[in-house]
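Data file: model_3.cif. Format and content: mmCIF, C-alpha atoms and all ligand atoms.
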data_protein
loop_
_atom_site.label_atom_id
_atom_site.label_comp_id
_atom_site.auth_asym_id
_atom_site.auth_seq_id
_atom_site.Cartn_x
_atom_site.Cartn_y
_atom_site.Cartn_z
CA MET Y 183 -40.01 65.79 29.73
CA PRO Y 184 -42.03 69.00 29.23
CA SER Y 185 -45.08 69.62 31.41
CA LYS Y 186 -48.59 69.94 30.00
CA GLN Y 187 -48.29 73.70 30.38
CA GLU Y 188 -45.03 73.77 28.45
CA LEU Y 189 -46.48 71.65 25.64
CA LEU Y 190 -49.51 73.93 25.47
CA ASP Y 191 -47.19 76.92 25.21
CA LEU Y 192 -45.36 75.19 22.40
CA GLN Y 193 -48.13 73.54 20.40
CA PHE Y 194 -51.62 74.83 21.27
CA ILE Y 195 -51.78 77.43 18.49
CA ASP Y 196 -50.75 74.82 15.92
CA ALA Y 197 -53.35 72.30 17.16
CA ARG Y 198 -56.04 75.02 17.21
CA HIS Y 199 -55.15 75.96 13.64
CA LYS Y 200 -55.42 72.33 12.49
CA LEU Y 201 -58.80 71.84 14.17
CA ILE Y 202 -60.26 75.01 12.61
CA ASP Y 203 -58.95 73.92 9.23
CA LEU Y 204 -60.66 70.55 9.64
CA ALA Y 205 -63.93 72.23 10.65
CA ALA Y 206 -63.70 74.46 7.57
CA PHE Y 207 -63.09 71.39 5.38
CA LEU Y 208 -66.29 69.76 6.69
CA ASP Y 209 -68.21 73.01 6.04
CA ARG Y 210 -66.74 73.21 2.54
CA ILE Y 211 -67.72 69.67 1.59
CA ASP Y 212 -71.26 70.21 2.92
CA ARG Y 213 -71.60 73.52 1.07
CA HIS Y 214 -70.53 72.25 -2.35
CA PRO Y 215 -72.75 70.35 -4.79
CA GLY Y 216 -72.64 66.64 -5.53
CA ALA Y 217 -72.35 63.55 -3.38
CA ASP Y 218 -69.61 62.85 -0.88
CA ASP Y 219 -67.99 59.41 -0.79
CA PHE Y 220 -66.40 56.72 1.39
CA ARG Y 221 -63.50 59.04 2.30
CA TYR Y 222 -65.80 61.65 3.83
CA ALA Y 223 -67.74 58.95 5.64
CA ALA Y 224 -64.47 57.52 7.02
CA LEU Y 225 -63.40 60.96 8.21
CA LYS Y 226 -66.70 61.56 10.02
CA ALA Y 227 -66.60 58.07 11.53
CA ALA Y 228 -63.13 58.75 12.94
CA LEU Y 229 -64.00 62.10 14.54
CA PRO Y 230 -65.62 60.68 17.72
CA ILE Y 231 -62.30 58.96 18.52
CA LEU Y 232 -60.90 62.41 19.32
CA LEU Y 233 -63.35 62.81 22.21
CA THR Y 234 -62.51 59.54 23.89
CA ASP Y 235 -60.06 59.33 26.80
CA ARG Y 236 -57.99 56.46 25.38
CA PRO Y 237 -54.22 57.04 25.35
CA ASP Y 238 -53.74 55.94 21.71
CA ARG Y 239 -56.14 58.14 19.72
CA ALA Y 240 -53.68 58.56 16.82
CA ARG Y 241 -53.42 54.80 16.48
CA ALA Y 242 -57.21 54.41 16.64
CA VAL Y 243 -57.70 57.02 13.90
CA LEU Y 244 -55.14 55.23 11.71
CA ASP Y 245 -56.93 51.93 12.38
CA ALA Y 246 -60.21 53.55 11.36
CA PHE Y 247 -58.66 54.59 8.02
CA SER Y 248 -57.19 51.11 7.37
CA ASP Y 249 -58.17 48.14 5.23
CA HIS Y 250 -58.78 45.35 7.72
CA SER Y 251 -58.98 42.49 5.22
CA THR Y 252 -56.30 39.85 5.64
CA GLU Y 253 -55.77 38.07 2.30
CA PRO Y 254 -53.54 39.36 -0.51
CA ILE Y 255 -55.60 40.49 -3.50
CA PRO Y 256 -55.26 38.81 -6.92
CA LYS Y 257 -54.34 41.95 -8.83
CA ALA Y 258 -53.96 45.69 -8.12
CA VAL Y 259 -56.88 47.67 -9.55
CA PHE Y 260 -54.82 50.86 -9.36
CA GLN Y 261 -51.37 51.72 -8.01
CA GLY Y 262 -52.02 54.51 -5.52
CA ALA Y 263 -53.83 54.79 -2.18
CA LEU Y 264 -56.78 57.03 -1.27
CA GLY Y 265 -56.45 57.28 2.51
CA ALA Y 266 -59.54 55.27 3.45
CA PRO Y 267 -60.74 51.78 2.51
CA ARG Y 268 -63.61 51.52 0.02
CA MET Q 121 -39.03 84.01 13.20
CA TRP Q 122 -39.05 81.73 16.23
CA TRP Q 123 -36.26 83.54 18.04
CA LEU Q 124 -38.34 86.73 18.08
CA LEU Q 125 -41.20 84.79 19.65
CA ILE Q 126 -38.91 83.76 22.46
CA PHE Q 127 -38.63 87.38 23.60
CA ARG Q 128 -42.40 87.82 23.41
CA ASN Q 129 -43.15 84.60 25.27
CA PRO Q 130 -43.93 85.58 28.86
CA HIS Q 131 -43.28 82.04 30.09
CA ARG Q 132 -39.85 81.62 28.52
CA ARG Q 133 -39.66 78.17 29.94
CA LEU Q 134 -39.21 75.99 26.92
CA PHE Q 135 -37.05 77.63 24.41
CA ASP Q 136 -35.02 80.04 26.44
CA LEU Q 137 -32.09 81.76 24.78
CA GLN Q 138 -30.08 81.33 27.93
CA THR Q 139 -30.15 77.56 27.61
CA PHE Q 140 -30.74 76.96 23.92
CA ARG Q 141 -27.78 77.08 21.59
CA PRO Q 142 -28.49 76.31 17.95
CA SER Q 143 -24.98 74.92 17.77
CA ASP Q 144 -26.09 72.13 20.12
CA ILE Q 145 -27.86 70.53 17.23
CA PHE Q 146 -26.80 72.31 14.08
CA ARG Q 147 -23.25 71.07 14.59
CA MET Q 148 -24.47 67.57 15.27
CA LYS Q 149 -23.66 65.00 12.63
CA TYR Q 150 -26.45 62.75 11.47
CA ILE Q 151 -27.17 59.93 9.03
CA GLU Q 152 -30.00 60.15 6.49
CA PRO Q 153 -30.81 56.44 6.15
CA HIS Q 154 -33.49 56.71 3.45
CA ALA Q 155 -33.45 59.32 0.65
CA HIS Q 156 -34.09 59.04 -3.08
CA MET Q 157 -31.45 61.43 -4.30
CA VAL Q 158 -31.78 60.50 -7.98
CA SER Q 159 -34.92 62.65 -7.82
CA ARG Q 160 -33.27 65.55 -6.00
CA THR Q 161 -31.03 68.39 -7.06
CA THR Q 162 -27.37 68.90 -6.27
CA ASP Q 163 -28.48 71.90 -4.18
CA ASP Q 164 -30.15 69.39 -1.87
CA TYR Q 165 -26.83 67.63 -1.29
CA GLU Q 166 -25.36 70.98 -0.31
CA LYS Q 167 -28.23 71.66 2.13
CA LEU Q 168 -27.84 68.19 3.65
CA ALA Q 169 -24.11 68.73 4.12
CA ILE Q 170 -24.66 72.13 5.75
CA ALA Q 171 -27.21 70.53 8.09
CA GLY Q 172 -24.66 67.96 9.27
CA CYS Q 173 -25.46 64.93 7.12
CA GLU Q 174 -22.39 62.70 6.90
CA VAL Q 175 -23.87 59.53 5.45
CA LEU Q 176 -26.85 59.00 3.16
CA CYS Q 177 -28.46 55.73 2.09
CA GLU Q 178 -30.59 55.41 -1.02
CA PRO Q 179 -32.90 52.42 -1.42
CA ALA Q 180 -33.93 51.45 -4.95
CA PHE Q 181 -37.54 52.45 -5.54
CA TRP Q 182 -40.21 53.49 -8.01
CA ALA Q 183 -39.25 56.46 -10.16
CA GLY Q 184 -42.72 58.03 -10.13
CA PHE Q 185 -43.47 56.22 -13.39
CA ASP Q 186 -43.13 52.62 -14.60
CA ARG Q 187 -39.95 51.84 -16.53
CA SER Q 188 -40.56 50.52 -20.03
CA SER Q 189 -37.94 47.77 -19.84
CA ALA Q 190 -35.60 45.95 -17.48
CA ALA Q 191 -32.78 47.90 -19.15
CA GLY Q 192 -34.19 50.98 -17.43
CA PHE Q 193 -33.22 49.34 -14.15
CA TYR Q 194 -29.73 48.57 -15.43
CA ASP Q 195 -29.20 52.30 -15.87
CA TYR Q 196 -30.87 53.06 -12.52
CA PHE Q 197 -28.54 50.63 -10.72
CA ARG Q 198 -25.55 52.27 -12.47
CA GLN Q 199 -26.80 55.63 -11.23
CA LEU Q 200 -27.14 54.32 -7.65
CA THR Q 201 -23.77 52.56 -7.56
CA ASP Q 202 -21.62 54.94 -9.58
CA TYR Q 203 -23.02 58.40 -10.26
CA GLU Q 204 -24.77 59.26 -6.96
CA PRO Q 205 -21.78 58.32 -4.74
CA LYS Q 206 -19.66 60.75 -6.75
CA ARG Q 207 -22.28 63.51 -6.57
CA ALA Q 208 -22.59 63.06 -2.79
CA ALA Q 209 -18.81 62.93 -2.29
CA LYS Q 210 -18.49 66.46 -3.65
CA PHE Q 211 -20.21 67.57 -0.44
CA GLY Q 212 -18.38 65.23 1.89
CA ILE Q 213 -21.36 62.88 2.13
CA GLN Q 214 -20.80 59.13 2.00
CA HIS Q 215 -23.45 57.58 -0.25
CA TYR Q 216 -24.70 53.99 0.10
CA CYS Q 217 -27.57 52.23 -1.65
CA TRP Q 218 -29.88 49.22 -1.47
CA LEU Q 219 -30.93 47.30 -4.58
CA CYS Q 220 -34.14 45.55 -5.64
CA ILE Q 221 -37.16 45.90 -7.86
CA ASN Q 222 -39.67 47.98 -5.98
CA PRO Q 223 -43.08 46.57 -5.00
CA LYS Q 224 -45.02 48.84 -7.37
CA GLU Q 225 -43.34 47.38 -10.44
CA ALA Q 226 -43.16 43.90 -8.87
CA ASP Q 227 -46.84 43.29 -9.57
CA ASP Q 228 -45.68 42.08 -13.01
CA PRO Q 229 -43.65 39.04 -11.90
CA GLY Q 230 -42.12 38.33 -15.33
CA PHE Q 231 -40.78 41.85 -15.52
CA ALA Q 232 -39.66 41.73 -11.88
CA ARG Q 233 -37.63 38.57 -12.44
CA GLU Q 234 -35.96 40.12 -15.49
CA VAL Q 235 -34.81 42.96 -13.23
CA MET Q 236 -33.74 40.53 -10.51
CA ASP Q 237 -31.55 38.78 -13.09
CA ILE Q 238 -29.65 42.06 -13.54
CA MET Q 239 -29.09 42.65 -9.83
CA PRO Q 240 -26.16 40.24 -9.25
CA GLN Q 241 -23.98 42.39 -11.54
CA PHE Q 242 -24.34 45.21 -9.01
CA LEU Q 243 -24.64 43.52 -5.61
CA ASP Q 244 -20.88 43.47 -5.09
CA CYS Q 245 -20.42 47.18 -5.76
CA PRO Q 246 -18.68 48.89 -2.81
CA ASN Q 247 -21.63 51.10 -1.82
CA VAL Q 248 -24.36 48.40 -1.90
CA LEU Q 249 -25.58 47.66 1.63
CA GLY Q 250 -28.24 45.06 0.98
CA ILE Q 251 -31.65 44.32 -0.54
CA GLY Q 252 -34.27 47.09 -0.47
CA GLU Q 253 -36.62 48.67 -0.40
CA ILE Q 254 -38.66 45.58 -1.05
CA GLY Q 255 -42.14 45.14 0.35
CA LEU Q 256 -45.73 45.56 -0.71
CA ASN Q 257 -47.71 48.31 -2.42
CA LYS Q 258 -51.30 47.16 -2.99
CA ASN Q 259 -50.87 43.88 -1.11
CA THR Q 260 -51.19 41.62 -4.16
CA ARG Q 261 -50.18 37.98 -4.49
CA ASN Q 262 -47.57 38.83 -7.13
CA GLU Q 263 -46.03 41.55 -4.94
CA LEU Q 264 -45.81 39.05 -2.09
CA ALA Q 265 -44.18 36.39 -4.29
CA ILE Q 266 -41.50 38.81 -5.53
CA PHE Q 267 -41.00 40.09 -1.97
CA GLU Q 268 -40.28 36.55 -0.80
CA GLU Q 269 -37.84 35.94 -3.68
CA HIS Q 270 -35.93 39.04 -2.60
CA VAL Q 271 -35.85 37.86 1.03
CA GLN Q 272 -34.41 34.55 -0.15
CA LEU Q 273 -31.79 36.40 -2.24
CA ALA Q 274 -30.77 38.41 0.84
CA LEU Q 275 -30.52 35.23 2.90
CA ASP Q 276 -28.44 33.50 0.23
CA ARG Q 277 -26.01 36.42 0.19
CA GLU Q 278 -26.23 37.17 3.93
CA LEU Q 279 -27.33 40.76 3.28
CA PRO Q 280 -29.45 43.06 5.44
CA ILE Q 281 -32.96 43.92 4.22
CA LEU Q 282 -34.83 47.22 4.08
CA ILE Q 283 -38.61 46.86 3.77
CA HIS Q 284 -41.16 49.40 2.50
CA THR Q 285 -44.63 49.16 4.00
CA PRO Q 286 -47.61 50.30 1.90
CA HIS Q 287 -49.22 53.71 1.94
CA LEU Q 288 -52.24 54.97 3.87
CA GLU Q 289 -55.16 52.50 4.05
CA ASP Q 290 -52.96 49.64 2.82
CA LYS Q 291 -50.25 49.95 5.48
CA LEU Q 292 -51.84 47.94 8.29
CA LYS Q 293 -52.72 44.96 6.10
CA GLY Q 294 -49.41 45.13 4.25
CA THR Q 295 -47.39 45.22 7.46
CA ARG Q 296 -49.24 42.16 8.75
CA LEU Q 297 -48.70 40.27 5.47
CA ILE Q 298 -44.99 41.18 5.52
CA LEU Q 299 -44.59 40.05 9.13
CA ASP Q 300 -46.44 36.77 8.43
CA SER Q 301 -44.27 36.15 5.38
CA LEU Q 302 -40.98 36.94 7.18
CA ALA Q 303 -41.97 34.54 9.97
CA THR Q 304 -41.80 31.67 7.46
CA PHE Q 305 -38.05 32.28 6.90
CA SER Q 306 -36.63 30.32 9.82
CA LYS Q 307 -33.02 31.33 9.11
CA LEU Q 308 -33.74 35.07 9.00
CA ASP Q 309 -31.83 37.19 11.53
CA ARG Q 310 -34.49 39.73 12.48
CA ALA Q 311 -31.87 42.20 13.75
CA LYS Q 312 -30.71 42.54 10.12
CA VAL Q 313 -34.15 43.60 8.85
CA ILE Q 314 -35.61 47.10 9.08
CA ILE Q 315 -39.30 47.63 8.37
CA ASP Q 316 -39.74 51.21 7.27
CA HIS Q 317 -42.54 53.79 7.27
CA VAL Q 318 -44.08 52.55 10.53
CA GLU Q 319 -46.81 54.65 12.11
CA GLU Q 320 -48.71 54.44 15.39
CA HIS Q 321 -50.82 51.48 14.23
CA THR Q 322 -47.90 49.33 13.01
CA ILE Q 323 -44.85 50.17 15.13
CA SER Q 324 -45.54 47.86 18.06
CA GLN Q 325 -46.07 44.80 15.82
CA VAL Q 326 -42.72 45.42 14.12
CA LEU Q 327 -40.73 46.02 17.30
CA ASP Q 328 -42.41 43.22 19.24
CA ALA Q 329 -41.39 40.76 16.51
CA GLY Q 330 -37.75 41.76 16.94
CA TYR Q 331 -37.21 43.82 13.77
CA TRP Q 332 -35.87 47.34 13.46
CA ALA Q 333 -38.44 50.02 12.59
CA GLY Q 334 -38.06 53.17 10.51
CA MET Q 335 -40.17 56.29 11.00
CA THR Q 336 -40.52 58.41 7.87
CA LEU Q 337 -40.95 62.17 8.17
CA TYR Q 338 -42.99 62.83 5.05
CA PRO Q 339 -45.70 65.45 4.51
CA GLN Q 340 -49.32 64.31 4.78
CA SER Q 341 -48.94 60.61 3.97
CA LYS Q 342 -46.53 59.54 6.73
CA CYS Q 343 -45.25 60.88 10.10
CA SER Q 344 -44.93 64.45 11.25
CA PRO Q 345 -41.91 65.25 13.43
CA ASN Q 346 -44.08 65.50 16.54
CA ARG Q 347 -45.73 62.12 15.94
CA ALA Q 348 -42.33 60.52 15.40
CA ILE Q 349 -41.10 62.04 18.67
CA ASP Q 350 -44.23 60.74 20.42
CA MET Q 351 -43.35 57.24 19.25
CA LEU Q 352 -39.77 57.65 20.45
CA GLU Q 353 -41.07 58.68 23.87
CA ILE Q 354 -43.51 55.77 24.02
CA TYR Q 355 -41.42 52.96 22.51
CA GLY Q 356 -37.87 54.04 23.41
CA THR Q 357 -34.97 54.48 21.02
CA GLU Q 358 -33.82 50.89 20.68
CA ARG Q 359 -34.14 49.55 17.11
CA LEU Q 360 -35.62 52.78 15.70
CA TRP Q 361 -34.40 55.28 13.14
CA MET Q 362 -35.84 58.34 11.40
CA ASN Q 363 -35.59 59.29 7.75
CA SER Q 364 -37.00 61.76 5.24
CA ALA Q 365 -37.58 59.37 2.31
CA CYS Q 366 -37.36 62.51 0.18
CA ASP Q 367 -38.07 61.66 -3.43
CA TRP Q 368 -39.82 62.97 -6.55
CA GLY Q 369 -42.90 63.98 -4.53
CA VAL Q 370 -43.41 67.01 -2.31
CA SER Q 371 -41.00 66.01 0.45
CA ASP Q 372 -38.25 67.51 2.56
CA PRO Q 373 -34.60 66.43 2.42
CA LEU Q 374 -34.07 68.33 5.69
CA ALA Q 375 -36.88 66.52 7.53
CA VAL Q 376 -34.44 64.78 9.90
CA PRO Q 377 -32.65 67.95 11.11
CA ARG Q 378 -36.05 69.66 11.43
CA CYS Q 379 -37.16 66.81 13.66
CA MET Q 380 -33.93 67.17 15.65
CA LEU Q 381 -34.95 70.77 16.32
CA GLU Q 382 -38.41 69.66 17.46
CA MET Q 383 -36.79 67.11 19.78
CA LYS Q 384 -34.72 69.91 21.27
CA LYS Q 385 -37.84 72.03 21.78
CA ARG Q 386 -39.39 69.06 23.58
CA GLN Q 387 -36.42 68.90 25.93
CA HIS Q 388 -34.72 65.83 24.52
CA THR Q 389 -31.03 65.97 25.34
CA ALA Q 390 -28.34 66.33 22.70
CA ALA Q 391 -27.20 62.80 23.56
CA ALA Q 392 -30.72 61.41 23.00
CA ILE Q 393 -30.99 63.20 19.66
CA GLU Q 394 -27.59 61.95 18.53
CA GLN Q 395 -28.57 58.43 19.53
CA ILE Q 396 -31.57 58.33 17.20
CA VAL Q 397 -30.14 60.22 14.22
CA TYR Q 398 -26.57 58.93 14.24
CA HIS Q 399 -25.75 56.00 16.53
CA ASN Q 400 -28.88 53.97 15.78
CA PRO Q 401 -28.60 54.05 11.98
CA ARG Q 402 -24.87 53.42 12.34
CA LYS Q 403 -25.56 50.36 14.49
CA PHE Q 404 -28.03 48.86 12.03
CA LEU Q 405 -26.09 49.73 8.89
CA SER Q 406 -22.81 48.40 10.34
CA GLN Q 407 -24.27 44.94 9.92
CA SER Q 408 -23.39 45.33 6.27
CA PRO Q 409 -19.64 44.73 5.80
CA ARG Q 410 -19.66 47.48 3.16
CA PHE Q 411 -20.65 50.15 5.69
CA VAL Q 412 -17.52 51.84 6.99
ZN ZN Y 501 -38.27 55.06 -0.17
#
Could you show the structure in this file as structure tokens?
Amino acid sequence: MPSKQELLDLQFIDARHKLIDLAAFLDRIDRHPGADDFRYAALKAALPILLTDRPDRARAVLDAFSDHSTEPIPKAVFQGALGAPR
Amino acid sequence: MWWLLIFRNPHRRLFDLQTFRPSDIFRMKYIEPHAHMVSRTTDDYEKLAIAGCEVLCEPAFWAGFDRSSAAGFYDYFRQLTDYEPKRAAKFGIQHYCWLCINPKEADDPGFAREVMDIMPQFLDCPNVLGIGEIGLNKNTRNELAIFEEHVQLALDRELPILIHTPHLEDKLKGTRLILDSLATFSKLDRAKVIIDHVEEHTISQVLDAGYWAGMTLYPQSKCSPNRAIDMLEIYGTERLWMNSACDWGVSDPLAVPRCMLEMKKRQHTAAAIEQIVYHNPRKFLSQSPRFV
């Protein structure tokens, strides 16, 4: 199993790139006209999970973006998925 | 190019030319257990063969648009059982398929049952492994009813089952509904069921219940190679496989060999890589008498 140092050598630049891209996305949404929506709110609500020390942050972020209702719905309103529950 | 970076890397610990031989993995055979080749070019078959793919399995799924009649599925099943095996064979790849009506089009139960009436004509074809990929899409009552009818069909014919779990925000709920539904089939052999497209929030429920789990390496909407490798490291390699699920969307038929390379970079042994990309799918698929 690689050490922390070895993983940093291998993946730090990629992780840094993804974080900067996310920061730029937040700036972009704020800078542009109009109202944001439930997706942006879900994204912002998930961000604090990154700063926790829990060992399953990826799972927690996925949970935050999930529909937690339990009953099947009567009929699909549309076929696709948007990435965050309304 | 990564091999130039090796020379510039002062640490040279991870990916050292002295220890890394591309042939370690590029000569390794693997199985692609989930790919929608009807949507891919013949060039893709060639790339898969060059990358070491020996066997490819194609579950029946949505075509990217709704078919206008059940007859559209008759032709699709002919394509899966006759045309694609021949196209794959030209590159030395053994092609198998799974048959069903997919959950997206199953929300119209009348239409779904028309398609299910066609299926028995094809279920005895030599490359048909079982029923799949059934499952849920938007977690509707109709989808669930048709899912359960497919499970019963598989039980009646003693066939393995491949299950699609919904996308994005619908996956968690859909996985729970699928697991609850499967639990009502007392005669179901859970070792003959694979629940595909698991992610970090669904994998433990699937494995804990005794099913196989599939990790799909698909851009943006499913797993990245590194996340899939994380799950392998956390949950072990028993009852897990990896696939590309390449289809009509932006997707990568070479996702599995790319993940093999990432595993190598993360110091997984050749034996460990071969276990997940070859021996595991072989073990699950061998439960179908058609798989040779
Ligand atoms: Zn699929």
Compute the set of chain Y residues within 12 Å of chain Q, using only C-alpha atoms, and express it as a PyMOL selection string. chain Y and resi 183-193+196-197+221+224+237-268
Would you write out those residues with C-alpha atoms, as a PDB file, in the frame of the given file?
ATOM      1  CA  MET Y 183     -40.010  65.790  29.730  1.00  0.00           C
ATOM      2  CA  PRO Y 184     -42.030  69.000  29.230  1.00  0.00           C
ATOM      3  CA  SER Y 185     -45.080  69.620  31.410  1.00  0.00           C
ATOM      4  CA  LYS Y 186     -48.590  69.940  30.000  1.00  0.00           C
ATOM      5  CA  GLN Y 187     -48.290  73.700  30.380  1.00  0.00           C
ATOM      6  CA  GLU Y 188     -45.030  73.770  28.450  1.00  0.00           C
ATOM      7  CA  LEU Y 189     -46.480  71.650  25.640  1.00  0.00           C
ATOM      8  CA  LEU Y 190     -49.510  73.930  25.470  1.00  0.00           C
ATOM      9  CA  ASP Y 191     -47.190  76.920  25.210  1.00  0.00           C
ATOM     10  CA  LEU Y 192     -45.360  75.190  22.400  1.00  0.00           C
ATOM     11  CA  GLN Y 193     -48.130  73.540  20.400  1.00  0.00           C
ATOM     12  CA  ASP Y 196     -50.750  74.820  15.920  1.00  0.00           C
ATOM     13  CA  ALA Y 197     -53.350  72.300  17.160  1.00  0.00           C
ATOM     14  CA  ARG Y 221     -63.500  59.040   2.300  1.00  0.00           C
ATOM     15  CA  ALA Y 224     -64.470  57.520   7.020  1.00  0.00           C
ATOM     16  CA  PRO Y 237     -54.220  57.040  25.350  1.00  0.00           C
ATOM     17  CA  ASP Y 238     -53.740  55.940  21.710  1.00  0.00           C
ATOM     18  CA  ARG Y 239     -56.140  58.140  19.720  1.00  0.00           C
ATOM     19  CA  ALA Y 240     -53.680  58.560  16.820  1.00  0.00           C
ATOM     20  CA  ARG Y 241     -53.420  54.800  16.480  1.00  0.00           C
ATOM     21  CA  ALA Y 242     -57.210  54.410  16.640  1.00  0.00           C
ATOM     22  CA  VAL Y 243     -57.700  57.020  13.900  1.00  0.00           C
ATOM     23  CA  LEU Y 244     -55.140  55.230  11.710  1.00  0.00           C
ATOM     24  CA  ASP Y 245     -56.930  51.930  12.380  1.00  0.00           C
ATOM     25  CA  ALA Y 246     -60.210  53.550  11.360  1.00  0.00           C
ATOM     26  CA  PHE Y 247     -58.660  54.590   8.020  1.00  0.00           C
ATOM     27  CA  SER Y 248     -57.190  51.110   7.370  1.00  0.00           C
ATOM     28  CA  ASP Y 249     -58.170  48.140   5.230  1.00  0.00           C
ATOM     29  CA  HIS Y 250     -58.780  45.350   7.720  1.00  0.00           C
ATOM     30  CA  SER Y 251     -58.980  42.490   5.220  1.00  0.00           C
ATOM     31  CA  THR Y 252     -56.300  39.850   5.640  1.00  0.00           C
ATOM     32  CA  GLU Y 253     -55.770  38.070   2.300  1.00  0.00           C
ATOM     33  CA  PRO Y 254     -53.540  39.360  -0.510  1.00  0.00           C
ATOM     34  CA  ILE Y 255     -55.600  40.490  -3.500  1.00  0.00           C
ATOM     35  CA  PRO Y 256     -55.260  38.810  -6.920  1.00  0.00           C
ATOM     36  CA  LYS Y 257     -54.340  41.950  -8.830  1.00  0.00           C
ATOM     37  CA  ALA Y 258     -53.960  45.690  -8.120  1.00  0.00           C
ATOM     38  CA  VAL Y 259     -56.880  47.670  -9.550  1.00  0.00           C
ATOM     39  CA  PHE Y 260     -54.820  50.860  -9.360  1.00  0.00           C
ATOM     40  CA  GLN Y 261     -51.370  51.720  -8.010  1.00  0.00           C
ATOM     41  CA  GLY Y 262     -52.020  54.510  -5.520  1.00  0.00           C
ATOM     42  CA  ALA Y 263     -53.830  54.790  -2.180  1.00  0.00           C
ATOM     43  CA  LEU Y 264     -56.780  57.030  -1.270  1.00  0.00           C
ATOM     44  CA  GLY Y 265     -56.450  57.280   2.510  1.00  0.00           C
ATOM     45  CA  ALA Y 266     -59.540  55.270   3.450  1.00  0.00           C
ATOM     46  CA  PRO Y 267     -60.740  51.780   2.510  1.00  0.00           C
ATOM     47  CA  ARG Y 268     -63.610  51.520   0.020  1.00  0.00           C
TER      48      ARG Y 268
END
Have a look at CA of Val397 (chain Q) and CA of Phe181 (chain Q) and let me know their distance in Å, one decimal. 22.5 Å
To one decimal place in Å, what is the distance between CA of Ala232 (chain Q) and CA of Ala190 (chain Q)? 8.1 Å
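What separates CA of Arg233 (chain Q) from CA of Leu275 (chain Q) is a distance of 17.2 Å.
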Given the choices Y:His199, Y:Phe194, Y:Arg236, Y:Leu208, which gets closest to Ala223 (chain Y) if the distance is worked out from only C-alpha atoms?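 Checking each of Y:His199, Y:Phe194, Y:Arg236, Y:Leu208 against Ala223 (chain Y), counting only C-alpha atoms, the winner is Y:Leu208.
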Throw together the list of residues within 10 Å of ligand ZN 501 (chain Y), counting only C-alpha atoms and all ligand atoms, and drop it here as number ranges by chain. Q: 153-156, 178-182, 222, 252-254, 282-285, 316-317, 336, 363-367
Since we have the selection now, will you write its residues out, keeping C-alpha atoms, as a PDB file, keeping the file's coordinate frame?
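What ended up in again_21.pdb:
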ATOM      1  CA  PRO Q 153     -30.810  56.440   6.150  1.00  0.00           C
ATOM      2  CA  HIS Q 154     -33.490  56.710   3.450  1.00  0.00           C
ATOM      3  CA  ALA Q 155     -33.450  59.320   0.650  1.00  0.00           C
ATOM      4  CA  HIS Q 156     -34.090  59.040  -3.080  1.00  0.00           C
ATOM      5  CA  GLU Q 178     -30.590  55.410  -1.020  1.00  0.00           C
ATOM      6  CA  PRO Q 179     -32.900  52.420  -1.420  1.00  0.00           C
ATOM      7  CA  ALA Q 180     -33.930  51.450  -4.950  1.00  0.00           C
ATOM      8  CA  PHE Q 181     -37.540  52.450  -5.540  1.00  0.00           C
ATOM      9  CA  TRP Q 182     -40.210  53.490  -8.010  1.00  0.00           C
ATOM     10  CA  ASN Q 222     -39.670  47.980  -5.980  1.00  0.00           C
ATOM     11  CA  GLY Q 252     -34.270  47.090  -0.470  1.00  0.00           C
ATOM     12  CA  GLU Q 253     -36.620  48.670  -0.400  1.00  0.00           C
ATOM     13  CA  ILE Q 254     -38.660  45.580  -1.050  1.00  0.00           C
ATOM     14  CA  LEU Q 282     -34.830  47.220   4.080  1.00  0.00           C
ATOM     15  CA  ILE Q 283     -38.610  46.860   3.770  1.00  0.00           C
ATOM     16  CA  HIS Q 284     -41.160  49.400   2.500  1.00  0.00           C
ATOM     17  CA  THR Q 285     -44.630  49.160   4.000  1.00  0.00           C
ATOM     18  CA  ASP Q 316     -39.740  51.210   7.270  1.00  0.00           C
ATOM     19  CA  HIS Q 317     -42.540  53.790   7.270  1.00  0.00           C
ATOM     20  CA  THR Q 336     -40.520  58.410   7.870  1.00  0.00           C
ATOM     21  CA  ASN Q 363     -35.590  59.290   7.750  1.00  0.00           C
ATOM     22  CA  SER Q 364     -37.000  61.760   5.240  1.00  0.00           C
ATOM     23  CA  ALA Q 365     -37.580  59.370   2.310  1.00  0.00           C
ATOM     24  CA  CYS Q 366     -37.360  62.510   0.180  1.00  0.00           C
ATOM     25  CA  ASP Q 367     -38.070  61.660  -3.430  1.00  0.00           C
TER      26      ASP Q 367
END
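Distance check against Pro280 (chain Q) using only C-alpha atoms: of Q:Val376, Q:Leu337, Q:Ala265, Q:Leu219, the minimum falls on Q:Leu219.
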